[in-house]
Amino acid sequence: MPTENLSRRQALTLLAIVVLAWGFTWVVSKLLLQYMTPIWAVAARSVVGTAALLVLGLALRRVVWPVKADIPVILSVGLLHMGAFAALVSLGLQYVPAGRSVVLAYTTPLWVIPAARLFLDEPIGRGRRAGLALGLAGLVVIFNPLAFDWHNADAVFGNGLVLLAALCWAANIVYVRAHRWVTPPFELAFWQALLASVVLVAVAWAAEGRPRVVWSPDLGWLLGYGGVFGIAVAYWAAVNVNRSLPAGVTSIGLLGVPVVGLLCSAAILHEPLSTPLVVGMALIVAGIAAGVLDKGRG
C-alpha cells in the first residue's frame, strides 16, 4: 500500500487497525506494571518497537537518513506522542483502571477539533459536529465526573496525568496534519521511535534508577505485542492516517479505541462493564459513524 497517496478507504482501513491495536495496548500497558516500573515499562516497549521498525525498514529497503525538513515532525511524534503520551499514561495507570484511563485519554477531540479549526482552518461540518457531540457525550457518560471521588489525591493525580497525556497527543495530531512532508511517514517512523526510546530510557534511569526485572514468558509477549503492534504497526499507520484524513475525522475515528479498550479491560482484567459503560460505548460508536461519514472539505 503506498504511503504517499492513500485513498479515503485505505486511510479508514488503517484507522481501524490503529483502533484495534491501541485498544488492546491499554490492557498490555496495565499488565506490564506487574513486572516493571512505569517509565521503564514504556521505555522497554519503545526499544522493542524501534527494533521492529528497523528490521521492517531494512527488509523493505526503506530506511533513509532524515533531512532537515523532517526534524520538526520527528520531534513532534517522537517526543509528544511516542514519548510524553506513553510515559504519562503509564504513570497514570498506577492509580487509574485501564478502562477509565483510556476514556480520559480520548478526550483528545476536545482539543483537536478547535485547534484544527484555529490553526489549520479545517471546517467543522454538521456530521463532524454531531459525531463530536455524540462521542464526547459517550465519554462523559462513561467517565461520569459527578460520581468521581475528588478527595482521593492519588485518583486526581492519576487522572490528571492521563489528561495531560491527551493534551500532548492533541498537539501532535494537529502538527502532523499541518506538516509539509518531504520524506514519507514510514521512513521517519524508525527515527521517531529511536528518539522516543533514547529519551524514555534516560528519563527512566534518572527517575527510577537501574531497571529491576524478573524475566518471564508473560513479560516477553507483553513487550513483544506492545512494541511490534502497539508501536511499529500502529504508529506507522497512525502517522499515515493523520496525514491523509482531516484532523477532526481522525480524532473522532480514534474514539473507537476506548470502546476496544473497555471491552478488553472487562474481558481480561475483569474490570466491571456497567450500564453507563455500555451506553457510553453506544454513543461513541454512533459518533464515529457520523464523523467519519461526513466527508466535508479536505
# chains A, B, ... in the order shown; residues from 1 in each chain; ligands from 1
>>> residues_around(residues="A:Leu245", least_positions_apart="2", cutoff="10 Å", atoms="only C-alpha atoms", output="PDB file with all heavy atoms, in the first residue's frame")
ATOM      1  N   LEU A   6      -2.785   7.933  -0.053  1.00  0.00           N
ATOM      2  CA  LEU A   6      -3.799   6.998   0.406  1.00  0.00           C
ATOM      3  C   LEU A   6      -5.182   7.487  -0.008  1.00  0.00           C
ATOM      4  O   LEU A   6      -5.493   8.674   0.105  1.00  0.00           O
ATOM      5  CB  LEU A   6      -3.758   6.867   1.935  1.00  0.00           C
ATOM      6  CG  LEU A   6      -2.513   6.228   2.559  1.00  0.00           C
ATOM      7  CD1 LEU A   6      -2.672   6.207   4.071  1.00  0.00           C
ATOM      8  CD2 LEU A   6      -2.291   4.834   2.024  1.00  0.00           C
ATOM      9  N   SER A   7      -6.010   6.550  -0.478  1.00  0.00           N
ATOM     10  CA  SER A   7      -7.406   6.890  -0.721  1.00  0.00           C
ATOM     11  C   SER A   7      -8.112   6.983   0.628  1.00  0.00           C
ATOM     12  O   SER A   7      -7.582   6.563   1.669  1.00  0.00           O
ATOM     13  CB  SER A   7      -8.066   5.805  -1.577  1.00  0.00           C
ATOM     14  OG  SER A   7      -8.180   4.589  -0.833  1.00  0.00           O
ATOM     15  N   ARG A   8      -9.329   7.532   0.613  1.00  0.00           N
ATOM     16  CA  ARG A   8     -10.092   7.637   1.858  1.00  0.00           C
ATOM     17  C   ARG A   8     -10.352   6.248   2.441  1.00  0.00           C
ATOM     18  O   ARG A   8     -10.242   6.044   3.647  1.00  0.00           O
ATOM     19  CB  ARG A   8     -11.417   8.366   1.601  1.00  0.00           C
ATOM     20  CG  ARG A   8     -12.240   8.607   2.873  1.00  0.00           C
ATOM     21  CD  ARG A   8     -13.519   9.348   2.542  1.00  0.00           C
ATOM     22  NE  ARG A   8     -14.324   9.553   3.748  1.00  0.00           N
ATOM     23  CZ  ARG A   8     -14.185  10.557   4.587  1.00  0.00           C
ATOM     24  NH1 ARG A   8     -13.235  11.453   4.385  1.00  0.00           N
ATOM     25  NH2 ARG A   8     -14.968  10.682   5.652  1.00  0.00           N
ATOM     26  N   ALA A  11      -7.178   4.939   4.047  1.00  0.00           N
ATOM     27  CA  ALA A  11      -6.897   5.642   5.298  1.00  0.00           C
ATOM     28  C   ALA A  11      -7.822   5.172   6.418  1.00  0.00           C
ATOM     29  O   ALA A  11      -7.392   4.997   7.560  1.00  0.00           O
ATOM     30  CB  ALA A  11      -7.052   7.154   5.091  1.00  0.00           C
ATOM     31  N   LEU A  12      -9.100   4.943   6.094  1.00  0.00           N
ATOM     32  CA  LEU A  12     -10.039   4.460   7.110  1.00  0.00           C
ATOM     33  C   LEU A  12      -9.713   3.029   7.536  1.00  0.00           C
ATOM     34  O   LEU A  12      -9.907   2.660   8.700  1.00  0.00           O
ATOM     35  CB  LEU A  12     -11.469   4.557   6.587  1.00  0.00           C
ATOM     36  CG  LEU A  12     -12.012   5.977   6.397  1.00  0.00           C
ATOM     37  CD1 LEU A  12     -13.408   5.935   5.788  1.00  0.00           C
ATOM     38  CD2 LEU A  12     -12.042   6.733   7.722  1.00  0.00           C
ATOM     39  N   LEU A  15      -6.991   3.344   9.919  1.00  0.00           N
ATOM     40  CA  LEU A  15      -7.544   3.857  11.162  1.00  0.00           C
ATOM     41  C   LEU A  15      -8.154   2.731  12.000  1.00  0.00           C
ATOM     42  O   LEU A  15      -7.995   2.689  13.225  1.00  0.00           O
ATOM     43  CB  LEU A  15      -8.596   4.935  10.865  1.00  0.00           C
ATOM     44  CG  LEU A  15      -9.263   5.615  12.054  1.00  0.00           C
ATOM     45  CD1 LEU A  15      -8.233   6.262  12.976  1.00  0.00           C
ATOM     46  CD2 LEU A  15     -10.270   6.663  11.576  1.00  0.00           C
ATOM     47  N   ARG A 177      -0.750  17.010  10.917  1.00  0.00           N
ATOM     48  CA  ARG A 177      -1.651  17.358   9.817  1.00  0.00           C
ATOM     49  C   ARG A 177      -1.131  18.573   9.047  1.00  0.00           C
ATOM     50  O   ARG A 177      -1.271  18.645   7.822  1.00  0.00           O
ATOM     51  CB  ARG A 177      -3.058  17.640  10.380  1.00  0.00           C
ATOM     52  CG  ARG A 177      -4.092  18.023   9.337  1.00  0.00           C
ATOM     53  CD  ARG A 177      -4.331  16.927   8.330  1.00  0.00           C
ATOM     54  NE  ARG A 177      -5.292  17.325   7.324  1.00  0.00           N
ATOM     55  CZ  ARG A 177      -5.520  16.662   6.195  1.00  0.00           C
ATOM     56  NH1 ARG A 177      -4.853  15.560   5.933  1.00  0.00           N
ATOM     57  NH2 ARG A 177      -6.408  17.091   5.341  1.00  0.00           N
ATOM     58  N   ASN A 240       0.230   7.889   8.919  1.00  0.00           N
ATOM     59  CA  ASN A 240      -0.370   7.934   7.593  1.00  0.00           C
ATOM     60  C   ASN A 240      -1.818   8.406   7.650  1.00  0.00           C
ATOM     61  O   ASN A 240      -2.275   9.155   6.787  1.00  0.00           O
ATOM     62  CB  ASN A 240      -0.294   6.553   6.939  1.00  0.00           C
ATOM     63  CG  ASN A 240       1.078   6.267   6.368  1.00  0.00           C
ATOM     64  OD1 ASN A 240       1.421   6.736   5.288  1.00  0.00           O
ATOM     65  ND2 ASN A 240       1.884   5.531   7.106  1.00  0.00           N
ATOM     66  N   VAL A 241      -2.546   7.972   8.673  1.00  0.00           N
ATOM     67  CA  VAL A 241      -3.931   8.405   8.843  1.00  0.00           C
ATOM     68  C   VAL A 241      -3.972   9.914   9.112  1.00  0.00           C
ATOM     69  O   VAL A 241      -4.770  10.645   8.513  1.00  0.00           O
ATOM     70  CB  VAL A 241      -4.601   7.634   9.996  1.00  0.00           C
ATOM     71  CG1 VAL A 241      -5.934   8.287  10.373  1.00  0.00           C
ATOM     72  CG2 VAL A 241      -4.844   6.184   9.589  1.00  0.00           C
ATOM     73  N   ASN A 242      -3.106  10.387  10.007  1.00  0.00           N
ATOM     74  CA  ASN A 242      -3.079  11.815  10.314  1.00  0.00           C
ATOM     75  C   ASN A 242      -2.771  12.654   9.085  1.00  0.00           C
ATOM     76  O   ASN A 242      -3.266  13.777   8.936  1.00  0.00           O
ATOM     77  CB  ASN A 242      -2.013  12.096  11.390  1.00  0.00           C
ATOM     78  CG  ASN A 242      -2.426  11.620  12.755  1.00  0.00           C
ATOM     79  OD1 ASN A 242      -3.611  11.438  13.026  1.00  0.00           O
ATOM     80  ND2 ASN A 242      -1.459  11.395  13.619  1.00  0.00           N
ATOM     81  N   ARG A 243      -1.957  12.098   8.200  1.00  0.00           N
ATOM     82  CA  ARG A 243      -1.582  12.836   7.000  1.00  0.00           C
ATOM     83  C   ARG A 243      -2.682  12.811   5.953  1.00  0.00           C
ATOM     84  O   ARG A 243      -2.821  13.746   5.169  1.00  0.00           O
ATOM     85  CB  ARG A 243      -0.300  12.226   6.417  1.00  0.00           C
ATOM     86  CG  ARG A 243       0.236  12.978   5.213  1.00  0.00           C
ATOM     87  CD  ARG A 243       1.379  12.221   4.575  1.00  0.00           C
ATOM     88  NE  ARG A 243       1.866  12.933   3.403  1.00  0.00           N
ATOM     89  CZ  ARG A 243       2.693  12.415   2.508  1.00  0.00           C
ATOM     90  NH1 ARG A 243       3.094  11.179   2.637  1.00  0.00           N
ATOM     91  NH2 ARG A 243       3.092  13.125   1.467  1.00  0.00           N
ATOM     92  N   ALA A 247      -7.875  16.337  10.572  1.00  0.00           N
ATOM     93  CA  ALA A 247      -7.615  16.075  11.988  1.00  0.00           C
ATOM     94  C   ALA A 247      -8.900  15.785  12.751  1.00  0.00           C
ATOM     95  O   ALA A 247      -8.919  14.958  13.670  1.00  0.00           O
ATOM     96  CB  ALA A 247      -6.900  17.280  12.621  1.00  0.00           C
ATOM     97  N   GLY A 248     -10.001  16.458  12.367  1.00  0.00           N
ATOM     98  CA  GLY A 248     -11.268  16.216  13.054  1.00  0.00           C
ATOM     99  C   GLY A 248     -11.775  14.800  12.834  1.00  0.00           C
ATOM    100  O   GLY A 248     -12.238  14.138  13.770  1.00  0.00           O
ATOM    101  N   VAL A 249     -11.681  14.302  11.593  1.00  0.00           N
ATOM    102  CA  VAL A 249     -12.131  12.947  11.291  1.00  0.00           C
ATOM    103  C   VAL A 249     -11.261  11.932  12.034  1.00  0.00           C
ATOM    104  O   VAL A 249     -11.756  10.955  12.603  1.00  0.00           O
ATOM    105  CB  VAL A 249     -12.082  12.684   9.773  1.00  0.00           C
ATOM    106  CG1 VAL A 249     -12.361  11.215   9.470  1.00  0.00           C
ATOM    107  CG2 VAL A 249     -13.095  13.563   9.056  1.00  0.00           C
ATOM    108  N   THR A 250      -9.940  12.165  12.040  1.00  0.00           N
ATOM    109  CA  THR A 250      -9.029  11.261  12.742  1.00  0.00           C
ATOM    110  C   THR A 250      -9.363  11.178  14.219  1.00  0.00           C
ATOM    111  O   THR A 250      -9.462  10.091  14.805  1.00  0.00           O
ATOM    112  CB  THR A 250      -7.574  11.741  12.572  1.00  0.00           C
ATOM    113  OG1 THR A 250      -7.247  11.772  11.185  1.00  0.00           O
ATOM    114  CG2 THR A 250      -6.612  10.807  13.296  1.00  0.00           C
ATOM    115  N   SER A 251      -9.555  12.324  14.844  1.00  0.00           N
ATOM    116  CA  SER A 251      -9.803  12.334  16.283  1.00  0.00           C
ATOM    117  C   SER A 251     -11.124  11.663  16.632  1.00  0.00           C
ATOM    118  O   SER A 251     -11.223  10.952  17.649  1.00  0.00           O
ATOM    119  CB  SER A 251      -9.798  13.777  16.817  1.00  0.00           C
ATOM    120  OG  SER A 251     -10.808  14.543  16.194  1.00  0.00           O
ATOM    121  N   VAL A 292     -17.049  10.075  10.628  1.00  0.00           N
ATOM    122  CA  VAL A 292     -16.296   9.504   9.518  1.00  0.00           C
ATOM    123  C   VAL A 292     -17.073   9.604   8.209  1.00  0.00           C
ATOM    124  O   VAL A 292     -16.481   9.819   7.144  1.00  0.00           O
ATOM    125  CB  VAL A 292     -15.921   8.047   9.825  1.00  0.00           C
ATOM    126  CG1 VAL A 292     -15.333   7.368   8.592  1.00  0.00           C
ATOM    127  CG2 VAL A 292     -14.918   7.986  10.974  1.00  0.00           C
ATOM    128  N   LYS A 295     -17.796  13.578   4.801  1.00  0.00           N
ATOM    129  CA  LYS A 295     -16.577  13.764   4.003  1.00  0.00           C
ATOM    130  C   LYS A 295     -16.103  15.203   4.023  1.00  0.00           C
ATOM    131  O   LYS A 295     -14.922  15.469   3.998  1.00  0.00           O
ATOM    132  CB  LYS A 295     -16.798  13.281   2.564  1.00  0.00           C
ATOM    133  CG  LYS A 295     -17.107  11.784   2.510  1.00  0.00           C
ATOM    134  CD  LYS A 295     -17.221  11.306   1.081  1.00  0.00           C
ATOM    135  CE  LYS A 295     -17.490   9.800   1.036  1.00  0.00           C
ATOM    136  NZ  LYS A 295     -17.576   9.290  -0.330  1.00  0.00           N
ATOM    137  N   GLY A 298     -11.611  18.596   2.348  1.00  0.00           N
ATOM    138  CA  GLY A 298     -10.296  18.045   2.677  1.00  0.00           C
ATOM    139  C   GLY A 298     -10.371  16.609   2.943  1.00  0.00           C
ATOM    140  O   GLY A 298      -9.445  16.048   3.425  1.00  0.00           O
TER     141      GLY A 298
END
>>> residues_around(residues="A:Leu163", least_positions_apart="5", cutoff="9 Å", atoms="only C-alpha atoms", output="PDB file with C-alpha atoms, in the first residue's frame")
ATOM      1  CA  LEU A  88       2.244   9.975  31.285  1.00  0.00           C
ATOM      2  CA  VAL A  89      -0.325   7.245  30.613  1.00  0.00           C
ATOM      3  CA  SER A 101      -7.847   5.792  31.760  1.00  0.00           C
ATOM      4  CA  LEU A 104      -9.974  10.040  29.802  1.00  0.00           C
ATOM      5  CA  ALA A 105      -7.087   9.891  27.322  1.00  0.00           C
ATOM      6  CA  TYR A 106      -9.565  10.069  24.458  1.00  0.00           C
ATOM      7  CA  THR A 107     -10.834  13.474  25.451  1.00  0.00           C
ATOM      8  CA  THR A 108      -8.253  14.398  22.793  1.00  0.00           C
ATOM      9  CA  GLY A 158      -3.544   9.777  38.096  1.00  0.00           C
ATOM     10  CA  CYS A 168       0.303  16.174  24.306  1.00  0.00           C
TER      11      CYS A 168
END
>>> closest_residue(among="A:Pro109, A:Gly287, A:Gly23, A:Pro258", to="A:Trp169", atoms="only C-alpha atoms")
A:Pro109
>>> atom_distance(atom1="atom CA of A:Ala44", atom2="atom CA of A:Ala59")
22.8 Å
>>> atom_distance(atom1="atom CA of A:Ile288", atom2="atom CA of A:Leu255")
6.9 Å
>>> closest_residue(among="A:Lys30, A:Arg61, A:Arg45, A:His81", to="A:Ala238", atoms="only C-alpha atoms")
A:His81
>>> closest_residue(among="A:Leu293, A:Val77, A:Val285, A:Leu120", to="A:Trp236", atoms="only C-alpha atoms")
A:Val77
>>> residues_around(residues="A:Leu20", least_positions_apart="6", cutoff="12 Å", atoms="only C-alpha atoms", output="short mmCIF file (atom, residue, chain, number, x, y, z; two decimals) with N, CA and C atoms, in the first residue's frame")
data_model
loop_
_atom_site.label_atom_id
_atom_site.label_comp_id
_atom_site.auth_asym_id
_atom_site.auth_seq_id
_atom_site.Cartn_x
_atom_site.Cartn_y
_atom_site.Cartn_z
N THR A 13 -9.20 2.21 6.61
CA THR A 13 -8.77 0.85 6.96
C THR A 13 -7.60 0.90 7.94
N LEU A 14 -6.64 1.77 7.68
CA LEU A 14 -5.52 1.93 8.60
C LEU A 14 -6.00 2.46 9.95
N TRP A 26 -3.86 -0.91 25.84
CA TRP A 26 -4.14 -0.40 27.19
C TRP A 26 -4.10 -1.53 28.22
N VAL A 27 -4.62 -2.68 27.85
CA VAL A 27 -4.55 -3.84 28.74
C VAL A 27 -3.10 -4.28 28.91
N PHE A 229 3.10 -4.39 17.74
CA PHE A 229 1.78 -3.93 17.30
C PHE A 229 1.43 -2.55 17.87
N GLY A 230 1.72 -2.34 19.16
CA GLY A 230 1.37 -1.06 19.78
C GLY A 230 2.20 0.10 19.27
N VAL A 233 3.55 -1.19 14.24
CA VAL A 233 2.43 -1.22 13.30
C VAL A 233 1.53 -0.01 13.48
N ALA A 234 1.10 0.23 14.72
CA ALA A 234 0.09 1.26 14.97
C ALA A 234 0.59 2.67 14.72
N ALA A 237 0.85 3.37 11.00
CA ALA A 237 -0.49 3.56 10.44
C ALA A 237 -1.08 4.89 10.88
N ALA A 238 -0.87 5.25 12.14
CA ALA A 238 -1.46 6.49 12.66
C ALA A 238 -0.90 7.72 11.97
N GLY A 253 -12.63 9.28 14.75
CA GLY A 253 -12.46 7.85 14.50
C GLY A 253 -11.71 7.15 15.61
N LEU A 254 -10.73 7.84 16.21
CA LEU A 254 -9.94 7.24 17.28
C LEU A 254 -10.73 7.07 18.58
N LEU A 255 -11.95 7.61 18.61
CA LEU A 255 -12.80 7.34 19.78
C LEU A 255 -13.19 5.87 19.85
N GLY A 256 -12.93 5.11 18.78
CA GLY A 256 -13.16 3.68 18.84
C GLY A 256 -12.18 2.96 19.75
N VAL A 257 -11.02 3.56 20.01
CA VAL A 257 -10.03 2.93 20.88
C VAL A 257 -10.57 2.71 22.29
N PRO A 258 -11.23 3.70 22.92
CA PRO A 258 -11.78 3.41 24.26
C PRO A 258 -12.82 2.30 24.26
N VAL A 259 -13.56 2.14 23.16
CA VAL A 259 -14.52 1.04 23.09
C VAL A 259 -13.78 -0.30 23.17
N VAL A 260 -12.76 -0.45 22.32
CA VAL A 260 -11.96 -1.67 22.34
C VAL A 260 -11.25 -1.83 23.68
N GLY A 261 -10.70 -0.74 24.19
CA GLY A 261 -10.00 -0.80 25.47
C GLY A 261 -10.90 -1.21 26.61
N LEU A 262 -12.11 -0.67 26.65
CA LEU A 262 -13.06 -1.02 27.71
C LEU A 262 -13.46 -2.49 27.63
N LEU A 263 -13.75 -2.96 26.43
CA LEU A 263 -14.14 -4.36 26.26
C LEU A 263 -13.00 -5.31 26.65
N CYS A 264 -11.79 -4.98 26.24
CA CYS A 264 -10.63 -5.82 26.59
C CYS A 264 -10.35 -5.78 28.08
#
>>> select_by_dssp(residues="stretch 54-264 of chain A", states="helix (DSSP H, G or I)", output="number ranges by chain")
A: 54-59, 68-92, 98-105, 108-119, 126-143, 145-147, 153-178, 185-208, 217-244, 247-253, 256-264
>>> residues_around(residues="stretch 145-148 of chain A", least_positions_apart="5", cutoff="12 Å", atoms="only C-alpha atoms", output="list of chain:residue names")
A:Val96, A:Arg100, A:Val103, A:Leu104, A:Leu139, A:Val140, A:Ala153, A:Ala155, A:Val156, A:Asn159, A:Pro276
>>> residues_around(residues="A:Val214", least_positions_apart="5", cutoff="10 Å", atoms="only C-alpha atoms", output="VMD selection string")
chain A and resid 35 to 36 219
>>> write_last_selection(atoms="N, CA, C and O atoms", output="short mmCIF file (atom, residue, chain, number, x, y, z; two decimals), in the first residue's frame")
data_model
loop_
_atom_site.label_atom_id
_atom_site.label_comp_id
_atom_site.auth_asym_id
_atom_site.auth_seq_id
_atom_site.Cartn_x
_atom_site.Cartn_y
_atom_site.Cartn_z
N TYR A 35 5.31 -6.12 36.25
CA TYR A 35 6.68 -6.60 36.06
C TYR A 35 7.73 -5.49 36.09
O TYR A 35 8.90 -5.75 36.37
N MET A 36 7.32 -4.26 35.75
CA MET A 36 8.29 -3.18 35.60
C MET A 36 7.72 -1.89 36.16
O MET A 36 6.50 -1.72 36.26
N LEU A 219 6.04 -11.68 30.40
CA LEU A 219 6.64 -10.37 30.16
C LEU A 219 7.12 -10.26 28.72
O LEU A 219 6.98 -9.21 28.08
#
>>> atom_distance(atom1="atom CA of A:Leu54", atom2="atom CA of A:Ser90")
24.5 Å
>>> residues_around(residues="A:Val63", least_positions_apart="4", cutoff="9 Å", atoms="only C-alpha atoms", output="PyMOL selection string")
chain A and resi 54+56-58+186-188+190
>>> residues_around(residues="A:Ala286", least_positions_apart="2", cutoff="8 Å", atoms="only C-alpha atoms", output="MDAnalysis selection string")
chainID A and resid 131 134:135 282:284 288:290
>>> write_last_selection(atoms="C-alpha atoms", output="mmCIF file, in the first residue's frame")
data_model
loop_
_atom_site.group_PDB
_atom_site.id
_atom_site.type_symbol
_atom_site.label_atom_id
_atom_site.label_comp_id
_atom_site.auth_asym_id
_atom_site.auth_seq_id
_atom_site.Cartn_x
_atom_site.Cartn_y
_atom_site.Cartn_z
ATOM 1 C CA GLY A 131 -20.038 12.999 15.732
ATOM 2 C CA LEU A 134 -22.129 12.083 20.422
ATOM 3 C CA GLY A 135 -18.609 10.835 21.068
ATOM 4 C CA ALA A 282 -23.048 3.079 22.023
ATOM 5 C CA LEU A 283 -22.829 6.877 21.849
ATOM 6 C CA ILE A 284 -19.175 6.688 20.843
ATOM 7 C CA ILE A 288 -17.653 7.617 14.936
ATOM 8 C CA ALA A 289 -20.173 6.793 12.218
ATOM 9 C CA ALA A 290 -21.427 10.376 11.989
#
>>> closest_residue(among="A:Ala116, A:Val174, A:Leu110, A:Val162", to="A:Tyr95", atoms="only C-alpha atoms")
A:Val162
>>> closest_residue(among="A:Val112, A:Ala69, A:Leu223, A:Ala193", to="A:Arg180", atoms="only C-alpha atoms")
A:Ala69
